[in-house]
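Let me begin by presenting the structure, written as structure tokens, before commenting on it.
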Amino acid sequence: MLLARIDRYVLSLALGRFGSVVGIIMLLMILEHIPRLLDITRLSGQRGYIVRQTVLGLLPEYAGIGVLVGIYLAVGMTIRQLAVRGELAVIEATGIGPLRWMRTPILLTFLGAAFVLLNQGWLMPYGERRVAEIGHRMEMGDFGVNLPAREFNDLGGGITLYYDSVDRDTGILQGLLLTDALRTYDASSGHLSIAPDGTAVVQLANGQSIDSKRPNVLSFAKLTFRARRAQSPTDALSSAKPILRYATLDHLLAADDRASRTTAYARLLWCVLVLMSGALAFILARPPIRSVSAVGLVVGLCLLLGFL
């Protein structure tokens with residue numbers, strides 16, 4: 001009966017902290033990405049829907065990081081609280097060893113590792129595919145645009161778009177005038193879509209382009225104009241081999257190429273890292289005798305972030 005009470009008590013302490021840490025981390029990561037999502041979808045006609053669906057697709061990634069840090073802080077803060085209050089000394093004085101009173105934190109750690117395995121293997125690739133699908137639909141113009149007619153609309157990067165009207169059924173713009181620093185484009189019709197990175201893509205039909213510096217006129221039947229955007233290092237990194245991000249763990253392990261195997265092993269290492277976080281919390285969280293210092297807990301957290 002005493003052991004059952006200890007298990008319930010330790011589990012209640014750990015679960016409360018675990019849920020709080022995971023919730024806070026996921027909320028902070030969502031708030032961090034919201035401004036960028038709002039900037040990317042600034043021209044889209046269904047901005048709220050795109051932001052909601054993109055955040056849902058990113059939740060598995062946020063949850064994986066939250067569970068990893070949550071396991072460490074939940075186990076570590078529980079051990080520290082028991083030690084600071086003197087409850088841990090009383091428990092061990094009754095002959096209950098660390099392996100016994102750590103039963104529920106160990107169980108929580110293994111459950112966290114199992115979730116991370118499921119998350120890294122199948123949930124995150126599904127979320128990546130959802131985000132990619134939203135980006136593809138944006139580029140195809142499925143969500144429409146949020147630009148008023150008969151006004152000069154700033155597309156960013158010194159690019160301005162004007163159009164007379166829009167066909168509600170097809171989304172075709174009529175009477176377009178597009179200008180940038182180098183040329184002016186005049187077209188009878190066109191179609192505006194948004195690339196996944198927020199860049200405006202305008203497909204012009206039956207028009208002319210005029211060079212702003214030289215009297216040079218070019219007629220065209222079809223022309224695709226893509227707003228220039230400086231690429232950041234993270235853009236280049238995220239665009240490398242996207243097919244590996246969409247593949248599930250079983251497909252990666254069954255593949256013959258080295259890149260797929262490397263990606264699979266990297267995902268499996270997340271599960272090992274969760275198990276290590278529980279062990280790290282047990283080793284470093286307990287303060288020295290007659291001390292309430294949390295240096296060990298902070299050092300372990302820094303090591304964990306370093307591994308990440």
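By order of appearance in the structure tokens: chains A, B, ..., then residues from 1 within every chain, and ligands from 1 in the order shown.
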
Can you pull out the residues contacting stretch 304-308 of chain A? Cut-off 10 Å, using only C-alpha atoms, and skip same-chain residues under 6 positions away; I want them as a list in words.
Ile65, Leu68, Val69, Tyr72, Trp270, Leu273, Val274, Met276, Ser277, Leu280 and Val298 of chain A

Just want the 12 Å neighbourhood of stretch 84-96 of chain A, counted on only C-alpha atoms, with same-chain residues fewer than 4 positions away dropped. Output as JSON, numbers by chain.
{"A": [2, 3, 5, 6, 7, 9, 10, 77, 78, 79, 80, 100, 101, 102, 103, 285, 286, 287, 288, 289, 290, 291, 292, 293, 294]}

Would you mind listing what lies within 8 Å of A:Leu178 as an mmCIF file with all heavy atoms, in the first residue's frame, with only C-alpha atoms counted and same-chain residues fewer than 6 positions away left out?
data_model
loop_
_atom_site.group_PDB
_atom_site.id
_atom_site.type_symbol
_atom_site.label_atom_id
_atom_site.label_comp_id
_atom_site.auth_asym_id
_atom_site.auth_seq_id
_atom_site.Cartn_x
_atom_site.Cartn_y
_atom_site.Cartn_z
ATOM 1 N N ILE A 159 7.882 45.596 -56.319
ATOM 2 C CA ILE A 159 7.020 45.119 -57.404
ATOM 3 C C ILE A 159 5.590 45.556 -57.132
ATOM 4 O O ILE A 159 5.079 45.391 -56.022
ATOM 5 C CB ILE A 159 7.097 43.581 -57.521
ATOM 6 C CG1 ILE A 159 8.545 43.158 -57.794
ATOM 7 C CG2 ILE A 159 6.185 43.072 -58.618
ATOM 8 C CD1 ILE A 159 8.771 41.679 -57.658
ATOM 9 N N THR A 160 4.947 46.123 -58.149
ATOM 10 C CA THR A 160 3.592 46.639 -58.023
ATOM 11 C C THR A 160 2.703 45.988 -59.072
ATOM 12 O O THR A 160 3.104 45.826 -60.234
ATOM 13 C CB THR A 160 3.567 48.168 -58.198
ATOM 14 O OG1 THR A 160 4.442 48.767 -57.241
ATOM 15 C CG2 THR A 160 2.172 48.712 -57.987
ATOM 16 N N LEU A 161 1.489 45.616 -58.652
ATOM 17 C CA LEU A 161 0.540 44.962 -59.560
ATOM 18 C C LEU A 161 -0.768 45.740 -59.565
ATOM 19 O O LEU A 161 -1.299 46.094 -58.508
ATOM 20 C CB LEU A 161 0.287 43.516 -59.129
ATOM 21 C CG LEU A 161 -0.799 42.766 -59.918
ATOM 22 C CD1 LEU A 161 -0.344 42.564 -61.366
ATOM 23 C CD2 LEU A 161 -1.126 41.435 -59.260
ATOM 24 N N TYR A 162 -1.288 45.964 -60.782
ATOM 25 C CA TYR A 162 -2.598 46.585 -60.973
ATOM 26 C C TYR A 162 -3.416 45.684 -61.901
ATOM 27 O O TYR A 162 -2.896 45.126 -62.869
ATOM 28 C CB TYR A 162 -2.445 47.979 -61.595
ATOM 29 C CG TYR A 162 -3.753 48.629 -62.007
ATOM 30 C CD1 TYR A 162 -4.420 49.473 -61.136
ATOM 31 C CD2 TYR A 162 -4.318 48.381 -63.271
ATOM 32 C CE1 TYR A 162 -5.625 50.066 -61.512
ATOM 33 C CE2 TYR A 162 -5.517 48.965 -63.637
ATOM 34 C CZ TYR A 162 -6.165 49.796 -62.757
ATOM 35 O OH TYR A 162 -7.364 50.371 -63.117
ATOM 36 N N THR A 184 8.327 47.056 -67.248
ATOM 37 C CA THR A 184 6.890 47.190 -67.026
ATOM 38 C C THR A 184 6.176 46.209 -67.949
ATOM 39 O O THR A 184 6.469 46.154 -69.155
ATOM 40 C CB THR A 184 6.417 48.624 -67.318
ATOM 41 O OG1 THR A 184 7.079 49.532 -66.427
ATOM 42 C CG2 THR A 184 4.909 48.743 -67.114
ATOM 43 N N TYR A 185 5.252 45.454 -67.387
ATOM 44 C CA TYR A 185 4.543 44.426 -68.147
ATOM 45 C C TYR A 185 3.061 44.817 -68.235
ATOM 46 O O TYR A 185 2.431 45.112 -67.222
ATOM 47 C CB TYR A 185 4.664 43.055 -67.480
ATOM 48 C CG TYR A 185 6.093 42.604 -67.277
ATOM 49 C CD1 TYR A 185 6.810 43.010 -66.160
ATOM 50 C CD2 TYR A 185 6.716 41.770 -68.203
ATOM 51 C CE1 TYR A 185 8.124 42.604 -65.971
ATOM 52 C CE2 TYR A 185 8.031 41.353 -68.016
ATOM 53 C CZ TYR A 185 8.724 41.784 -66.900
ATOM 54 O OH TYR A 185 10.024 41.384 -66.716
ATOM 55 N N ASP A 186 2.545 44.769 -69.457
ATOM 56 C CA ASP A 186 1.134 45.062 -69.707
ATOM 57 C C ASP A 186 0.532 43.840 -70.375
ATOM 58 O O ASP A 186 1.009 43.404 -71.435
ATOM 59 C CB ASP A 186 1.022 46.289 -70.614
ATOM 60 C CG ASP A 186 -0.437 46.681 -70.862
ATOM 61 O OD1 ASP A 186 -1.308 46.146 -70.142
ATOM 62 O OD2 ASP A 186 -0.681 47.496 -71.758
#

Could you build a table of the residues in stretch 172-234 of chain A lying no more than 10 Å from stretch 19-40 of chain A, giving for each the nearest pair of atoms and their separation in Å rounded to one decimal place, using only C-alpha atoms, ordered by chain and ascending residue number, as a Markdown table?
| residue | atom | partner | partner_atom | distance |
| --- | --- | --- | --- | --- |
| A:Ile194 | CA | A:Ile40 | CA | 8.4 |
| A:Ala195 | CA | A:Ile40 | CA | 8.6 |
| A:Pro196 | CA | A:Ile40 | CA | 7.6 |
| A:Asp197 | CA | A:Ile40 | CA | 6.1 |
| A:Gly198 | CA | A:Ile40 | CA | 4.0 |
| A:Thr199 | CA | A:Ile40 | CA | 7.5 |
| A:Ala200 | CA | A:Ile40 | CA | 9.6 |

Would you save the residues from that selection as a PDB file, in the first residue's frame, using N, CA and C atoms?
ATOM      1  N   ILE A 194       0.595  32.212 -55.088  1.00  0.00           N
ATOM      2  CA  ILE A 194       1.589  32.448 -54.045  1.00  0.00           C
ATOM      3  C   ILE A 194       2.423  31.192 -53.873  1.00  0.00           C
ATOM      4  N   ALA A 195       3.738  31.311 -54.000  1.00  0.00           N
ATOM      5  CA  ALA A 195       4.632  30.180 -53.784  1.00  0.00           C
ATOM      6  C   ALA A 195       4.679  29.837 -52.292  1.00  0.00           C
ATOM      7  N   PRO A 196       5.132  28.612 -51.936  1.00  0.00           N
ATOM      8  CA  PRO A 196       5.187  28.223 -50.520  1.00  0.00           C
ATOM      9  C   PRO A 196       6.038  29.140 -49.642  1.00  0.00           C
ATOM     10  N   ASP A 197       6.998  29.851 -50.244  1.00  0.00           N
ATOM     11  CA  ASP A 197       7.819  30.771 -49.450  1.00  0.00           C
ATOM     12  C   ASP A 197       7.238  32.176 -49.394  1.00  0.00           C
ATOM     13  N   GLY A 198       6.017  32.371 -49.924  1.00  0.00           N
ATOM     14  CA  GLY A 198       5.368  33.672 -49.890  1.00  0.00           C
ATOM     15  C   GLY A 198       5.645  34.535 -51.095  1.00  0.00           C
ATOM     16  N   THR A 199       6.433  34.042 -52.052  1.00  0.00           N
ATOM     17  CA  THR A 199       6.750  34.803 -53.250  1.00  0.00           C
ATOM     18  C   THR A 199       5.562  34.823 -54.199  1.00  0.00           C
ATOM     19  N   ALA A 200       5.264  35.983 -54.769  1.00  0.00           N
ATOM     20  CA  ALA A 200       4.173  36.108 -55.733  1.00  0.00           C
ATOM     21  C   ALA A 200       4.623  35.616 -57.099  1.00  0.00           C
TER      22      ALA A 200
END

Excluding same-chain residues fewer than 6 positions from A:Leu268, what lies within 10 Å of it counting only C-alpha atoms, as a PyMOL selection string?
chain A and resi 113+116-117+120-121+249+262

Would you list, as a ChimeraX atom specification, the residues of stretch 156-282 of chain A that end up in strand (DSSP E or B) under DSSP run on this structure's backbone?
/A:156,159-166,173-179,183-194,200-211,217-226

Give me the residues near A:Trp122 as number ranges by chain, where near means some atom within 9 Å (using only C-alpha atoms) and where sequence neighbours in that chain fewer than 6 positions away do not count.
A: 247-250

Export of the given selection (C-alpha atoms) as a short mmCIF file (atom, residue, chain, number, x, y, z; two decimals), in the first residue's frame:
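Writing the result to selection04.cif gives the following:
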data_model
loop_
_atom_site.label_atom_id
_atom_site.label_comp_id
_atom_site.auth_asym_id
_atom_site.auth_seq_id
_atom_site.Cartn_x
_atom_site.Cartn_y
_atom_site.Cartn_z
CA ALA A 247 9.08 9.22 -46.05
CA THR A 248 8.02 7.08 -43.08
CA LEU A 249 10.56 5.26 -40.96
CA ASP A 250 9.82 1.80 -42.37
#
